[in-house]
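Comments concern the structure below.
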Amino acid sequence: MRLSSLFMPTRKEDPAEAEIASHKLLIRGGYIRMVARGIYNFLPLGQRSLRKIKTIIREEMDQAGAQEVLLPGVQPSDLWEESGRWEEYGPELLRFEDRKGGGFCLGPTHEEVITDMVRGEVNSYKQLPMNIYQIQTKFRDEPRPRFGILRAREFIMKDAYSFDVDEEAAADSYDEMFDAYSRICDRLGFDWRAVEADTGAIGGSRSHEFQVITDTGEDDLVSCPDCGYAANIEKADVPATSVDTVEPSDELELETVETPDQTTIDEVSDFLDVAPEQCIKTVIVLADDEPLAVLVRGDHEVNEIKVRDYLRDELDRDFTHLHLAGDQTVREVTGAPVGFAGPIGLDMPILADRAIQSITDGVVGANDANAHYTGIDWSRDLDVEAFADLREARGGDPCPECGESLETNQGIEVGHVFFLGTKYSEALGATIQDEHGQQRPMVMGCYGIGVTRILAAVAEQNHDDDGLIWPMPIAPFEVTILPLQMQSDEVVETAEQLYDDLQEAGVDVLLDDRDEGVGAKFKDADLIGIPLRIVVGTRGVDNGELEFKLRWEDEQTDVAIDEAADRAIEVVERER
RNA sequence: CGGGGUGUAGCGCAGCAUGGUAGCGCGCCUGCUUUGGGUGCAGGAGGUCCCCGGUUCGAAUCCGGGCACCCCGACCA
């Protein structure tokens with residue numbers, strides 16, 4: 001490709017709306033442009049890299065025995081009603097009607113459609129295992145899209161779905177996909193980690209996220225340096241051994257103290273001169289419309305997912321959504337403004353994190369504006385339905401596997417694999433007949449990887465002050481040739497010859513044949529991040545040499561003109 | 001959905017408290033110049049000042065309503 005005719009609008013200045021490096025550089029480098037909130041155009045450079053990402057994913061999926069299909073982006077509401085998710089999914093599902101008034105949605109994921117397709121065509125265990133994937137545009141009406149294509153509303157995803165005859169076979173499929181995802185992350189050159197994760201709206205019994213480690217990631221992770229345990233913080237267990245239960249003391253007296261305007265744990269602990277660890281945070285959550293109080297230690301955070309799971313799995317509560325109560329609700333159910341809620345005299349079920357049992361002489365809100373109680377004895381004063389692991393894990397907590405101290409990282413979730421079990425096959429009646437003539441639901445797994453998000457994640461992990469630094473496998477061009485003096489016939493001819501030779505050899509090569517100053521050529525080459533830069537200048541050509549420089553290295557090397565093509569091909573093939 | 005902010009040329013911004021026919025830098029076009037890190041000079045094109053309504057002789061500027069975008073939080077794969 002000749003740069004003079006490439007649609008590559010680069011910019012000198014950062015776009016006003018971008019915050020993080022990948023977003024700024026993808027816009028500045030002419031890879032993407034925003035059309036609407038969370039909706040983007042991919043320009044030629046962006047599209048070239050996306051195609052390479054898709055190719056890598058396809059190769060690994062095919063290798064793992066999956067078959068590619070293409071499902072529709074528009075899906076009928078019937079299927080979603082059948083699975084129960086038409087109610088369950090919430091406003092992220094963009095719904096609309098066709099001309100006849102029929103209900104439709106833009107597909108945020110494809111469990112319903114795929115299960116519907118398979119149930120009609122697969123009836124025998126002999127047809128299994130089966131693994132089907134597609135690469136397709138998804139739409140999720142996110143409340144807050146951010147960071148360019150890192151969290152977009154419309155995005156490209158590869159989603160695969162496995163169907164097996166039983167749990168054991170399904171576990172094999174899961175492992176196979178896990179391995180394929182690991183290979184994909186490696187080929188993309190990521191610094192990555194697979195972590196245990198919550199299954200969220202997709203459902204299923206276990207799942208792993210593939211997280212790319214960066215400081216700008218949206219997800220908090222914990223990992224054990226010793227045994228390799230790693231989990232999303234929303235999933236990580238806090239082992240019971242982390243709590244030193246203290247026995248009640250008879251000498252404590254419950255006292256009311258005035259705490260005017262002290263609404264946060266920090267303020268209260270400063271004001272009363274007690275450690276945050278001695279305070280008890282009372283958080284009101286709503287299970288659908290039913291209020292419920294959750295107690296955690298002042299320095300801890302409630303993990304809503306753990307609360308949700310505990311209510312469902314241990315207490316058999318039935319509800320659709322669990323969420324934090326708003327200010328208004330808190331005022332209504334506690335009789336006090338936010339910041340003064342406390343467990344004493346509260347008319348609702350109360351759950352407490354286990355760490356509460358390590359508190360003596362605790363402080364809680366008095367459900368009264370500007371007052372707290374001190375001298376709380378957990379066993380005497382708290383009427384708690386259950387103590388359980390309800391808080392978020394954090395760095396320094398003991399590893400649930402081996403007890404070592406956990407480390408923290410931030411990550412970008414580029415992939416997520418789910419062991420679904422029979423959630424969708426039962427709901428939609430996707431059954432097969434097994435070798436004993438028994439009808440049984442197929443056991444499913446689903447596996448998503450964010451194609452457009454990968455582009456942003458690679459950019460986030462590979463850049464410097466001058467621009468992007470693509471790893472060879474997904475660079476939009478592998479080599480860029482910079483003839484510095486366009487008025488020199490010798491320079492132009494040398495560059496053209498090399499360009500032809502590399503094209504011939506199947507290298508993705510970009511020739512900067514623009515009549516621009518050298519500064520502009522260098523700046524653009526750095527900005528768009530092409531791995532191998534070959535400079536053709538009068539200085540070198542006079543000596544029969546060209547300059548090779550890899551984008552991620554500081555030094556450049558001189559290469560004889562007649563060896564240049566071979567050397568370039570060598571470098572490209574080594575890095576691919 | 002709560003809190004905060006922004007909307008003026010393709011991009012980045014000034015002008016707005018004190019209303020008077022719209023400006024800077026980059027980019028773009030023409031010509032010359034320069035050629036190893038965004039050259040220099042000269043000339044030029046380009047704007048319903050987000051939209052609707054109001055006040056006023058007169059609105060980018062004041063008032064009301066709406067929309068869009070960004071940030072923090074809530075939520076979310």
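Lettering and numbering for the structure tokens are positional, with chains as A, B, ... in the shown order, residues counted from 1 in each chain, and ligands counted from 1 in the shown order.
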Legend entry - Neighbours of chain A in chain B at 6 Å, counting only C-alpha atoms (C1' of nucleotides), as JSON, numbers by chain: {"B": [37, 38, 70]}
Hey, can you spit out that residue selection with N, CA and C atoms (P, O5', C5', C4', C3', O3' and C1' of nucleotides) as a tab-separated table (two decimals), in the first residue's frame?
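What landed in part.tsv:
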```tsv
chain	number	residue	atom	x	y	z
B	37	G	P	16.23	15.88	11.53
B	37	G	O5'	14.79	15.26	11.19
B	37	G	C5'	13.68	16.12	10.88
B	37	G	C4'	12.62	15.93	11.94
B	37	G	C3'	12.96	16.50	13.31
B	37	G	O3'	11.78	16.98	13.92
B	37	G	C1'	12.55	14.22	13.52
B	38	G	P	11.23	18.48	13.35
B	38	G	O5'	10.23	18.06	12.20
B	38	G	C5'	9.08	17.32	12.52
B	38	G	C4'	7.96	17.71	11.60
B	38	G	C3'	7.49	19.16	11.74
B	38	G	O3'	6.94	19.49	10.48
B	38	G	C1'	5.75	17.68	12.36
B	70	C	P	-18.82	9.95	25.36
B	70	C	O5'	-17.92	10.83	26.35
B	70	C	C5'	-16.62	11.26	25.96
B	70	C	C4'	-16.03	12.12	27.05
B	70	C	C3'	-16.02	11.49	28.43
B	70	C	O3'	-14.95	10.59	28.60
B	70	C	C1'	-16.85	13.67	28.59
```
Using only C-alpha atoms, I'd like a table of the residues in stretch 195-223 of chain A that come within 12 Å of stretch 156-179 of chain A; for each, show the closest atom pair and its distance in Å rounded to one decimal, ordered by chain and ascending number, as a Markdown table.
```
| residue | atom | partner | partner_atom | distance |
| --- | --- | --- | --- | --- |
| A:Val195 | CA | A:Phe178 | CA | 11.2 |
| A:Glu196 | CA | A:Phe178 | CA | 12.0 |
| A:Ser205 | CA | A:Glu167 | CA | 11.3 |
| A:Arg206 | CA | A:Tyr174 | CA | 10.1 |
| A:Ser207 | CA | A:Tyr174 | CA | 9.3 |
| A:His208 | CA | A:Phe178 | CA | 8.3 |
| A:Glu209 | CA | A:Phe178 | CA | 9.7 |
| A:Phe210 | CA | A:Phe178 | CA | 9.1 |
```
Take the residues just selected and output them with N, CA, C and O atoms as a compact mmCIF listing (two decimals), in the first residue's frame.
```txt
# COMPACT_ATOMS: atom_id res chain seq x y z
N VAL A 195 -8.46 -15.91 35.25
CA VAL A 195 -8.91 -15.80 36.64
C VAL A 195 -10.31 -16.38 36.81
O VAL A 195 -11.12 -16.36 35.90
N GLU A 196 -10.58 -16.89 38.00
CA GLU A 196 -11.92 -17.36 38.31
C GLU A 196 -12.86 -16.16 38.34
O GLU A 196 -12.47 -15.09 38.80
N SER A 205 -22.25 -22.58 35.90
CA SER A 205 -21.75 -22.94 37.21
C SER A 205 -20.30 -22.53 37.45
O SER A 205 -19.87 -22.38 38.59
N ARG A 206 -19.50 -22.41 36.41
CA ARG A 206 -18.16 -21.88 36.67
C ARG A 206 -17.65 -21.17 35.44
O ARG A 206 -18.12 -21.39 34.33
N SER A 207 -16.70 -20.32 35.64
CA SER A 207 -16.19 -19.55 34.52
C SER A 207 -14.83 -18.97 34.82
O SER A 207 -14.45 -18.81 35.98
N HIS A 208 -14.10 -18.70 33.75
CA HIS A 208 -12.81 -18.02 33.86
C HIS A 208 -12.79 -16.83 32.91
O HIS A 208 -13.28 -16.93 31.78
N GLU A 209 -12.22 -15.75 33.40
CA GLU A 209 -11.99 -14.61 32.53
C GLU A 209 -10.53 -14.60 32.10
O GLU A 209 -9.65 -14.95 32.89
N PHE A 210 -10.29 -14.16 30.88
CA PHE A 210 -8.92 -13.96 30.41
C PHE A 210 -8.63 -12.47 30.50
O PHE A 210 -9.22 -11.69 29.76
```
Inset, instruction - Identify, with DSSP run on backbone atoms, the residues in stretch 71-279 of chain A assigned to strand (DSSP E or B), and express the list as an MDAnalysis selection string. - result: chainID A and resid 74:76 95:97 103:106 124 130:139 146 151 154:164 192:196 206:213 219:223 230:232 255:258 279
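Picture a line from atom CA of A:Ala240 to atom CA of A:Gly204; it runs 25.5 Å.
Within 7 Å of stretch 345-355 of chain A, once only C-alpha atoms (C1' of nucleotides) are used and residues closer than 6 positions along the same chain are dropped, the contacting residues are A:Val243, A:Pro291, A:Leu292, A:Ala293, A:Val294, A:Leu295, A:Val296, A:Arg297, A:Thr334, A:Val384, A:Glu385, A:Ala386, A:Phe387, A:Ala388, A:Asp389, A:Leu390, A:Arg391.
Excluding stretch 503-512 of chain A itself and same-chain residues fewer than 4 positions from it, the residues having an atom within 8 Å of it are A:Met1, A:Arg2, A:Leu3, A:Ser4, A:Pro476, A:Phe477, A:Glu478, A:Val479, A:Thr480, A:Ile481, A:Leu482, A:Pro483, A:Ala495, A:Tyr499, A:Lys521, A:Ile569, A:Val572, counting only C-alpha atoms (C1' of nucleotides).
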Inset, instruction - Using only C-alpha atoms (C1' of nucleotides), determine which residues lie at most 6 Å from stretch 25-30 of chain A, disregarding the query and same-chain residues fewer than 5 positions distant; provide the list as a VMD selection string. - result: chain A and resid 8 to 11 527 to 528
